[in-house]
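File shown: input05.txt (compact mmCIF, C-alpha atoms and all ligand atoms).
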# COMPACT_ATOMS: atom_id res chain seq x y z
CA MET U 77 78.25 93.72 87.10
CA LEU U 78 79.19 97.25 88.07
CA CYS U 79 77.85 100.07 85.90
CA PRO U 80 80.77 102.51 85.58
CA TYR U 81 78.44 105.50 85.28
CA CYS U 82 75.86 105.12 88.07
CA LEU U 83 77.91 102.58 90.05
CA GLU U 84 74.92 100.30 90.58
CA GLU U 85 75.56 96.56 90.65
CA VAL U 86 73.33 95.20 87.88
CA LYS U 87 72.60 91.61 86.86
CA GLU U 88 73.26 92.32 83.22
CA PHE U 89 73.34 95.15 80.71
CA ILE U 90 70.48 95.36 78.21
CA GLN U 91 71.48 94.57 74.63
CA THR U 92 69.67 96.38 71.84
CA THR U 93 70.40 97.50 68.30
CA ALA U 94 70.75 101.15 67.33
CA ARG U 95 67.67 102.54 65.55
CA ASN U 96 69.40 103.76 62.38
CA SER U 97 72.14 101.19 62.02
CA LYS U 98 72.98 97.63 62.87
CA ALA U 99 75.29 98.69 65.67
CA LYS U 100 74.95 96.74 68.90
CA LEU U 101 74.19 98.78 72.01
CA ASN U 102 74.46 97.94 75.70
CA THR U 103 72.60 100.04 78.21
CA CYS U 104 72.52 100.03 81.98
CA PRO U 105 69.09 99.01 83.33
CA ALA U 106 69.54 101.41 86.27
CA CYS U 107 70.73 104.67 84.66
CA HIS U 108 69.98 103.86 80.96
CA LYS U 109 73.39 105.11 79.90
CA GLU U 110 75.18 103.37 77.05
CA VAL U 111 77.92 101.11 78.39
CA PRO U 112 80.83 100.16 76.09
CA ILE U 113 80.23 96.81 74.37
CA LEU U 114 83.70 95.57 75.24
CA TYR U 115 83.23 96.53 78.89
CA ALA U 116 80.12 94.37 79.15
CA ASP U 117 81.19 91.48 76.90
CA GLU U 118 84.58 90.94 78.54
CA TYR U 119 83.58 92.03 82.02
CA HIS U 120 84.89 88.97 83.83
CA ASP U 121 88.27 88.94 82.08
CA TYR U 122 89.13 92.47 83.15
CA PRO U 123 88.54 93.16 86.85
CA ASN U 124 87.72 96.78 87.61
CA VAL U 125 90.11 99.02 89.46
CA ILE U 126 88.40 102.27 90.46
CA VAL U 127 90.90 105.11 90.36
CA ASN U 128 89.55 107.84 92.61
CA ALA U 129 91.68 110.91 93.11
CA ILE U 130 90.66 112.38 96.49
CA GLY U 131 92.19 115.67 97.55
CA PHE U 132 91.76 119.38 98.00
CA THR U 133 91.64 121.76 95.03
CA GLN U 134 94.88 122.37 93.10
CA HIS U 135 96.67 119.51 94.87
CA GLY U 136 97.57 117.93 91.53
CA LYS U 137 94.82 115.36 90.88
CA THR U 138 94.18 116.15 87.20
CA ALA U 139 97.88 116.59 86.43
CA TYR U 140 98.57 113.22 88.04
CA LEU U 141 95.82 111.42 86.11
CA THR U 142 97.00 112.96 82.83
CA ALA U 143 100.56 111.90 83.61
CA LEU U 144 99.19 108.42 84.29
CA PHE U 145 97.51 108.28 80.86
CA TYR U 146 100.74 109.51 79.24
CA GLU U 147 102.79 106.93 81.09
CA LEU U 148 100.43 104.07 80.23
CA TRP U 149 99.75 105.11 76.64
CA VAL U 150 103.08 106.42 75.44
CA ARG U 151 106.03 105.90 77.75
CA ARG U 152 105.59 102.35 79.03
CA LYS U 153 107.21 99.84 76.76
CA PHE U 154 107.16 96.63 78.74
CA ASP U 155 108.35 93.77 76.59
CA ASP U 156 105.64 91.32 77.70
CA GLY U 157 102.93 92.31 75.24
CA PHE U 158 101.67 95.24 77.31
CA PHE U 159 99.25 97.76 75.82
CA ALA U 160 96.56 100.14 77.03
CA MET U 161 93.32 100.75 75.15
CA ALA U 162 90.05 102.68 75.37
CA LEU U 163 86.61 101.07 75.09
CA ASP U 164 84.55 103.81 73.47
CA ASP U 165 84.96 106.89 71.27
CA GLU U 166 84.52 109.40 74.07
CA ASP U 167 87.21 107.85 76.27
CA LEU U 168 89.62 107.49 73.36
CA LYS U 169 89.14 111.18 72.59
CA THR U 170 89.62 112.13 76.26
CA VAL U 171 92.88 110.20 76.45
CA TYR U 172 94.26 111.62 73.18
CA ASP U 173 93.16 115.20 73.93
CA ASN U 174 94.77 115.03 77.34
CA ILE U 175 98.00 113.51 76.10
CA ASN U 176 98.28 115.96 73.20
CA ARG U 177 97.74 118.95 75.48
CA TRP U 178 100.22 117.41 77.87
CA LYS U 179 102.85 117.01 75.16
CA LYS U 180 102.45 120.69 74.29
CA GLY U 181 102.90 121.47 77.96
CA GLN U 182 99.39 122.83 78.49
CA LEU U 183 97.94 122.24 81.94
CA HIS U 184 94.30 121.93 82.90
CA ASP U 185 92.04 124.44 84.57
CA ALA U 186 90.43 123.54 87.88
CA ASN U 187 87.73 120.89 87.45
CA PRO U 188 84.10 121.93 87.89
CA LYS U 189 82.29 120.60 90.96
CA VAL U 190 80.10 117.97 89.29
CA PHE U 191 79.88 114.22 89.52
CA PRO U 192 82.37 113.25 86.79
CA ARG U 193 81.99 110.81 83.91
CA PRO U 194 84.79 108.27 84.34
CA THR U 195 87.32 107.41 81.65
CA ILE U 196 87.83 103.67 81.25
CA VAL U 197 91.33 102.54 80.31
CA ARG U 198 91.92 98.87 79.83
CA LEU U 199 95.35 97.45 80.61
CA ASN U 200 96.45 94.26 78.89
CA ASN U 201 99.44 92.20 79.98
CA LEU U 202 100.75 94.39 82.73
CA PRO U 203 103.83 92.41 83.73
CA GLY U 204 103.47 90.46 86.97
CA ARG U 205 105.93 88.16 88.66
CA ARG U 206 104.37 84.90 87.56
CA LYS U 207 101.57 85.91 85.27
CA ASN U 208 100.60 89.05 83.43
CA ILE U 209 97.67 91.11 84.65
CA ASN U 210 94.62 92.38 82.79
CA CYS U 211 92.31 94.98 84.31
CA SER U 212 90.14 98.00 83.56
CA LEU U 213 90.99 101.27 85.25
CA ILE U 214 87.85 103.33 85.83
CA VAL U 215 89.25 106.79 86.36
CA TYR U 216 87.26 109.51 88.15
CA ASP U 217 88.50 113.06 88.40
CA THR U 218 86.46 115.69 90.16
CA SER U 219 87.03 119.11 91.67
CA GLY U 220 88.80 119.31 95.00
CA GLU U 221 85.83 121.41 96.11
CA ALA U 222 83.88 118.15 96.36
CA PHE U 223 86.16 117.18 99.25
CA LEU U 224 85.74 120.31 101.34
CA ASP U 225 83.11 118.70 103.53
CA ALA U 226 81.30 115.41 104.06
CA ASP U 227 78.11 116.66 102.35
CA GLY U 228 80.07 117.65 99.22
CA LEU U 229 81.78 114.28 99.12
CA ALA U 230 78.47 112.44 99.42
CA GLU U 231 76.92 114.55 96.64
CA TYR U 232 79.74 114.98 94.10
CA ALA U 233 82.14 112.16 94.80
CA HIS U 234 80.08 109.11 95.71
CA PHE U 235 82.30 107.08 93.35
CA VAL U 236 84.66 106.76 96.32
CA GLN U 237 82.29 104.39 98.06
CA LYS U 238 82.60 101.45 95.65
CA ALA U 239 86.39 101.39 95.47
CA PRO U 240 88.23 98.85 97.62
CA THR U 241 91.07 101.38 97.80
CA ALA U 242 90.90 105.13 98.40
CA MET U 243 93.69 107.28 96.96
CA PHE U 244 94.46 110.54 98.82
CA MET U 245 96.38 113.13 96.81
CA ILE U 246 98.17 115.50 99.16
CA SER U 247 100.38 118.38 98.04
CA ILE U 248 102.62 119.32 100.95
CA PRO U 249 104.03 122.37 99.05
CA ASP U 250 100.52 123.81 98.51
CA ILE U 251 99.57 123.39 102.17
CA LYS U 252 102.76 125.22 103.16
CA THR U 253 102.18 127.98 100.59
CA ASN U 254 98.71 128.57 102.05
CA GLY U 255 100.34 128.93 105.45
CA ASP U 256 98.53 125.88 106.84
CA ASP U 257 99.82 123.08 109.03
CA VAL U 258 100.50 119.94 106.99
CA ALA U 259 99.55 117.44 109.71
CA MET U 260 96.30 119.28 110.44
CA GLU U 261 95.29 119.50 106.77
CA MET U 262 96.03 115.81 106.21
CA LYS U 263 93.88 114.97 109.19
CA ARG U 264 91.11 117.26 107.91
CA LEU U 265 90.96 115.40 104.57
CA LEU U 266 90.88 112.06 106.36
CA ASN U 267 88.18 113.20 108.76
CA ILE U 268 86.01 114.54 105.91
CA TYR U 269 86.50 111.30 104.00
CA VAL U 270 85.53 109.08 106.95
CA MET U 271 82.43 111.22 107.66
CA GLY U 272 81.48 111.32 103.95
CA MET U 273 81.79 107.55 103.66
CA SER U 274 79.55 107.06 106.68
CA LYS U 275 76.94 109.33 105.06
CA LEU U 276 77.10 107.11 101.97
CA GLY U 277 76.57 104.01 104.09
CA GLY U 278 80.12 102.81 103.40
CA ASP U 279 82.71 101.59 105.86
CA THR U 280 86.33 102.67 105.53
CA LYS U 281 87.40 99.64 107.56
CA GLN U 282 86.63 97.58 104.46
CA GLN U 283 88.85 99.84 102.35
CA ASN U 284 92.58 100.25 101.87
CA LEU U 285 94.14 103.69 101.77
CA VAL U 286 96.97 104.85 99.53
CA VAL U 287 98.39 108.22 100.60
CA VAL U 288 100.07 109.91 97.64
CA TYR U 289 102.32 112.91 98.13
CA THR U 290 101.94 114.90 94.90
CA LYS U 291 104.24 117.55 93.34
CA ALA U 292 107.15 115.75 94.99
CA ASP U 293 109.58 117.64 92.74
CA LEU U 294 108.88 120.58 95.07
CA LEU U 295 109.83 118.68 98.23
CA GLN U 296 113.58 119.39 98.10
CA GLU U 297 113.49 121.28 101.38
CA TYR U 298 112.51 117.98 103.03
CA THR U 299 114.35 115.43 100.96
CA LYS U 300 117.88 116.34 101.86
CA GLY U 301 120.12 115.12 104.67
CA ASP U 302 118.60 112.07 106.31
CA TRP U 303 115.85 111.87 103.71
CA GLN U 304 117.97 111.94 100.56
CA ASP U 305 116.91 108.40 99.76
CA LEU U 306 113.40 109.73 99.08
CA ASP U 307 114.76 112.16 96.50
CA LYS U 308 116.68 109.31 94.85
CA TYR U 309 113.52 107.19 94.94
CA LEU U 310 111.56 109.91 93.20
CA LYS U 311 114.18 110.31 90.49
CA SER U 312 114.97 106.65 89.86
CA GLY U 313 111.82 104.82 91.03
CA TRP U 314 113.94 102.66 93.42
CA ILE U 315 114.32 103.27 97.15
CA HIS U 316 117.50 101.13 97.30
CA PRO U 317 119.70 100.86 94.21
CA GLU U 318 120.50 97.18 95.02
CA LEU U 319 116.85 96.26 94.49
CA LYS U 320 117.00 97.44 90.91
CA VAL U 321 118.83 94.33 89.73
CA ALA U 322 115.70 92.19 89.45
CA ARG U 323 112.10 92.81 88.51
CA GLU U 324 111.04 90.38 91.27
CA ASN U 325 112.10 93.06 93.75
CA PHE U 326 109.56 95.52 92.46
CA MET U 327 106.88 94.99 95.12
CA ARG U 328 109.53 94.88 97.84
CA ASN U 329 110.71 98.22 96.54
CA LEU U 330 107.18 99.67 96.78
CA ARG U 331 106.73 98.30 100.30
CA MET U 332 110.07 99.70 101.47
CA ALA U 333 109.29 103.08 99.90
CA SER U 334 105.91 103.03 101.64
CA ASP U 335 107.50 102.23 105.03
CA ARG U 336 110.04 105.01 104.56
CA LEU U 337 107.32 107.50 103.62
CA LYS U 338 105.36 106.52 106.72
CA GLU U 339 108.47 107.32 108.75
CA PHE U 340 108.70 110.62 106.88
CA THR U 341 105.04 111.32 107.71
CA ALA U 342 105.73 110.80 111.40
CA LYS U 343 109.15 112.41 111.77
CA CYS U 344 109.10 115.21 109.20
CA LEU U 345 105.43 116.08 108.99
CA ASP U 346 104.67 115.32 112.63
CA ALA U 347 101.42 113.73 111.45
CA HIS U 348 101.20 111.07 114.18
CA GLN U 349 97.45 111.44 114.62
CA PHE U 350 96.92 111.07 110.87
CA ILE U 351 98.84 107.78 110.94
CA SER U 352 96.88 106.41 113.91
CA PHE U 353 93.55 107.65 112.56
CA ALA U 354 94.22 106.12 109.13
CA GLU U 355 95.50 102.81 110.48
CA GLN U 356 92.53 102.37 112.79
CA ARG U 357 89.89 103.37 110.25
CA PHE U 358 91.22 101.47 107.18
CA ARG U 359 92.12 97.87 106.48
CA SER U 360 95.61 98.92 105.37
CA VAL U 361 97.55 102.12 104.65
CA ARG U 362 100.33 102.56 102.09
CA TYR U 363 102.30 105.63 101.06
CA SER U 364 103.63 106.81 97.68
CA MET U 365 105.14 109.96 96.27
CA VAL U 366 104.77 111.21 92.70
CA SER U 367 105.66 114.06 90.45
CA ALA U 368 103.29 114.41 87.52
CA LEU U 369 105.37 117.05 85.81
CA GLY U 370 108.88 116.28 87.01
CA ALA U 371 109.51 120.01 87.46
CA ALA U 372 107.67 123.20 88.39
CA PRO U 373 105.63 124.76 85.54
CA ASP U 374 105.55 128.42 84.49
CA MET U 375 102.47 129.59 86.39
CA GLN U 376 101.85 132.61 84.19
CA SER U 377 101.53 130.80 80.88
CA LYS U 378 100.44 127.51 82.48
CA THR U 379 102.95 125.72 80.29
CA LEU U 380 105.79 123.52 81.34
CA LEU U 381 109.25 124.95 81.40
CA GLU U 382 110.69 121.59 80.52
CA LYS U 383 109.17 118.64 78.77
CA ALA U 384 106.99 116.81 81.28
CA ASN U 385 108.88 113.99 82.91
CA PRO U 386 106.52 112.12 85.24
CA ARG U 387 108.07 110.31 88.19
CA CYS U 388 106.80 107.23 90.05
CA VAL U 389 103.25 107.76 88.70
CA LEU U 390 102.57 104.05 88.25
CA HIS U 391 103.38 103.21 91.87
CA PRO U 392 100.07 104.26 93.50
CA ILE U 393 98.21 102.46 90.71
CA ILE U 394 100.18 99.30 91.32
CA TRP U 395 99.11 99.51 94.99
CA LYS U 396 95.53 99.91 93.81
CA ILE U 397 95.75 96.89 91.54
CA VAL U 398 97.34 94.79 94.27
CA LYS U 399 94.77 95.86 96.86
CA SER U 400 91.72 95.85 94.56
CA VAL U 401 92.33 92.78 92.43
CA LEU U 402 95.18 90.56 93.51
CA GLU U 403 94.84 90.46 97.29
CA PRO U 404 91.09 89.82 97.37
CA ARG U 405 91.53 87.13 94.73
CA LYS U 406 94.25 85.32 96.54
CA ARG U 407 93.91 86.43 100.12
CA GLY U 408 95.94 84.19 102.34
CA GLU U 409 98.41 83.07 99.68
CA LEU U 410 100.01 86.34 98.77
CA SER U 411 103.47 85.00 98.05
CA SER U 412 102.14 83.48 94.87
CA THR U 413 100.31 86.58 93.66
CA LEU U 414 101.19 88.08 90.37
CA LEU U 415 103.12 91.11 91.49
CA ASP U 416 104.43 89.91 94.80
N1 LIG X 501 105.76 121.33 90.44
C1 LIG X 501 104.68 120.64 90.15
N2 LIG X 501 103.51 121.27 89.96
C2 LIG X 501 102.41 120.54 89.70
C3 LIG X 501 102.46 119.11 89.59
N3 LIG X 501 101.21 118.67 89.33
C4 LIG X 501 100.42 119.75 89.27
N4 LIG X 501 101.14 120.90 89.48
C5 LIG X 501 100.64 122.28 89.50
O1 LIG X 501 99.46 122.32 90.26
C6 LIG X 501 98.41 122.92 89.51
C7 LIG X 501 97.11 122.28 89.87
O2 LIG X 501 97.11 120.94 89.45
P1 LIG X 501 95.78 120.18 89.08
O3 LIG X 501 96.16 118.81 88.69
O4 LIG X 501 94.96 120.94 88.11
O5 LIG X 501 95.03 120.19 90.50
P2 LIG X 501 93.64 119.50 90.86
O6 LIG X 501 93.87 118.77 92.16
O7 LIG X 501 93.13 118.71 89.73
O8 LIG X 501 92.72 120.77 91.14
P3 LIG X 501 91.09 120.86 91.11
O9 LIG X 501 90.62 120.36 89.78
O10 LIG X 501 90.84 122.31 91.35
O11 LIG X 501 90.61 120.03 92.27
C8 LIG X 501 98.81 122.70 88.05
O12 LIG X 501 98.27 123.69 87.21
C9 LIG X 501 100.31 122.79 88.11
O13 LIG X 501 100.69 124.15 88.07
C10 LIG X 501 103.73 118.48 89.78
O14 LIG X 501 103.88 117.25 89.69
N5 LIG X 501 104.79 119.29 90.05
MG MG X 502 91.44 118.91 88.62
ZN ZN X 503 74.19 102.71 85.27

Any chance you could put this one into structure tokens?
Ligand SMILES: Nc1nc2c(ncn2[C@@H]2O[C@H](COP(=O)(O)OP(=O)(O)OP(=O)(O)O)[C@@H](O)[C@H]2O)c(=O)[nH]1
Ligand SMILES: [Mg+2]
Ligand SMILES: [Zn+2]
Amino acid sequence: MLCPYCLEEVKEFIQTTARNSKAKLNTCPACHKEVPILYADEYHDYPNVIVNAIGFTQHGKTAYLTALFYELWVRRKFDDGFFAMALDDEDLKTVYDNINRWKKGQLHDANPKVFPRPTIVRLNNLPGRRKNINCSLIVYDTSGEAFLDADGLAEYAHFVQKAPTAMFMISIPDIKTNGDDVAMEMKRLLNIYVMGMSKLGGDTKQQNLVVVYTKADLLQEYTKGDWQDLDKYLKSGWIHPELKVARENFMRNLRMASDRLKEFTAKCLDAHQFISFAEQRFRSVRYSMVSALGAAPDMQSKTLLEKANPRCVLHPIIWKIVKSVLEPRKRGELSSTLLD
């Protein structure tokens, strides 16, 4: 079993009883931290999906993860019995605090450069094609400063090593504002990641990569003319309107959006080396675009000008679930997987 706090694989968690009450406690034999009872007791019913936001500072990691909580907790109303829940008091408080700040339009400050405590969010009955899906998202959010070099990654972000899928968060508008070259900065992040993983003894060839273009509401200068379909995708969640007719088309939609974004990466961002580097160093590479806010915020007051309206935020997570849980479970017979 994976301890969500020290990321050691342990045989079992140690069950004790709290000193001053009859409350049951589970602790990790490796780091001695208290692990949620439900996490340990129902471990095998809820496969872990490690959500690791990897990206430079201010590229929208925390905003994205908050939008994800909001989407999963409040906005998603699937009719198949779907609900999201927390497993301990601290995570429940984190989720509610974040969502409440979010609803008031308050954004977060930059994260400190420390190894973060993850927030565990359990998803029940996420609709799949044939069967619903249960899983636990283990969400890590750290400062972008941890990704400035391979040493920083190894020290402050070693949670990346255990995840079957890495999630790169790249804000093209921020790279442009800093006067940097988008293709070069994308390649820098990838290079740092590959070096950091080797320092940790990991191998990116065993991992999948999801490249997420963040703050996509600010990409209008790109998504016009030949690339208008990407703007429509961002706004509606569907790359081709015809696909929208049936839920069975959902994964096809994500695959087609990913292919189109790869084309965008080559033709618009001129990031050919990034594509080759990623494809040769990872098992698979997929692309997504998201807007956590839906519109640009007022930078002075750090509040949103309009009510936050997240776009496509579930899509990278669906890729993660497919790559982390469904494909390994049913490798070789994908057509019968839950979301396919
Ligand atoms: N227009 C727009 N702005 C965004 C969006 N997401 C984030 N921002 C802006 O980008 C700023 C930085 O976002 P964060 O999510 O805090 O960035 P981060 O990657 O967590 O930064 P560090 O914690 O420093 O690594 C926010 O304060 C917002 O102003 C988005 O979807 N659209
Ligand atoms: Mg942050
Ligand atoms: Zn532990």

- Note on the structure: Min atom-atom distance to U:Gln182 from the set U:Lys169, U:Trp314, U:Thr142, U:Arg205, counting all atoms listed in the file, belongs to U:Thr142

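Our summary of the geometry notes that atom CA of U:Ala259 is positioned 18.5 Å from atom O6 of ligand LIG 501 (chain X).
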
- At most 9 Å from ligand MG 502 (chain X) (all atoms listed in the file): residue list as number ranges by chain: U: 133-139, 184-188, 217-220

- Residues within 6 Å of ligand ZN 503 (chain X), counting all atoms listed in the file, as JSON, numbers by chain: {"U": [79, 81, 82, 84, 104, 106, 107, 109]}

- Message: With only C-alpha atoms as the counted atoms, please give the residues lying no more than 7 Å from stretch 241-257 of chain U, apart from itself and same-chain residues fewer than 4 positions off, as an MDAnalysis selection string.
- Response: chainID U and resid 128:131 135 137 236 261 283:291 294:295 396 399:400

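Comparing U:Glu88, U:Phe340, U:Val321, U:Leu141 by their smallest distance to ligand LIG 501 (chain X), the closest is U:Leu141 (using only C-alpha atoms and all ligand atoms).
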
- Query: When you draw a straight line from atom CA of U:Trp149 to atom CA of U:Ala233, how long is it in Å?
  - Reply: 26.3 Å

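With distances taken over only C-alpha atoms and all ligand atoms, U:Lys189 is the one residue among U:Lys189, U:Lys308, U:Arg359, U:Arg151 lying closest to ligand LIG 501 (chain X).
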
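Minimum distance to U:Ala239 across U:Phe191, U:Tyr216, U:Phe353, U:Tyr140 (counting only C-alpha atoms) occurs at U:Tyr216.
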
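The smallest atom-to-atom distance between U:Gly157 and any of U:Arg177, U:Lys311, U:Arg264, U:Lys207, using all atoms listed in the file, is found for U:Lys207.
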
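Using only C-alpha atoms and all ligand atoms, the smallest distance between any of U:Leu310, U:Leu148, U:Ile209, U:Cys344 and ligand LIG 501 (chain X) comes from U:Leu310.
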
Expected residue set, 12 Å radius at (84.0, 101.4, 106.6), all atoms listed in the file, as an mmCIF file with C-alpha atoms, in the frame of the given file:
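The resulting file, result20.cif, is shown below:
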data_model
loop_
_atom_site.group_PDB
_atom_site.id
_atom_site.type_symbol
_atom_site.label_atom_id
_atom_site.label_comp_id
_atom_site.auth_asym_id
_atom_site.auth_seq_id
_atom_site.Cartn_x
_atom_site.Cartn_y
_atom_site.Cartn_z
ATOM 1 C CA VAL U 236 84.660 106.760 96.320
ATOM 2 C CA GLN U 237 82.290 104.390 98.060
ATOM 3 C CA LYS U 238 82.600 101.450 95.650
ATOM 4 C CA ALA U 239 86.390 101.390 95.470
ATOM 5 C CA PRO U 240 88.230 98.850 97.620
ATOM 6 C CA THR U 241 91.070 101.380 97.800
ATOM 7 C CA ALA U 242 90.900 105.130 98.400
ATOM 8 C CA TYR U 269 86.500 111.300 104.000
ATOM 9 C CA VAL U 270 85.530 109.080 106.950
ATOM 10 C CA MET U 271 82.430 111.220 107.660
ATOM 11 C CA GLY U 272 81.480 111.320 103.950
ATOM 12 C CA MET U 273 81.790 107.550 103.660
ATOM 13 C CA SER U 274 79.550 107.060 106.680
ATOM 14 C CA LYS U 275 76.940 109.330 105.060
ATOM 15 C CA LEU U 276 77.100 107.110 101.970
ATOM 16 C CA GLY U 277 76.570 104.010 104.090
ATOM 17 C CA GLY U 278 80.120 102.810 103.400
ATOM 18 C CA ASP U 279 82.710 101.590 105.860
ATOM 19 C CA THR U 280 86.330 102.670 105.530
ATOM 20 C CA LYS U 281 87.400 99.640 107.560
ATOM 21 C CA GLN U 282 86.630 97.580 104.460
ATOM 22 C CA GLN U 283 88.850 99.840 102.350
ATOM 23 C CA ASN U 284 92.580 100.250 101.870
ATOM 24 C CA LEU U 285 94.140 103.690 101.770
ATOM 25 C CA ALA U 354 94.220 106.120 109.130
ATOM 26 C CA GLN U 356 92.530 102.370 112.790
ATOM 27 C CA ARG U 357 89.890 103.370 110.250
ATOM 28 C CA PHE U 358 91.220 101.470 107.180
ATOM 29 C CA ARG U 359 92.120 97.870 106.480
ATOM 30 C CA SER U 360 95.610 98.920 105.370
#

- Item | Protein, DNA and RNA residues within 10 Å of (89.2, 109.8, 77.3), only C-alpha atoms, as a count of residues only | 21

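In this model, the gap between atom CA of U:Phe223 and atom CA of U:Leu83 comes to 19.1 Å.
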
- Query: U:Leu330: which residues within 12 Å, counting only C-alpha atoms, same-chain residues fewer than 3 positions away excluded, as a count of residues only?
  - Reply: 33
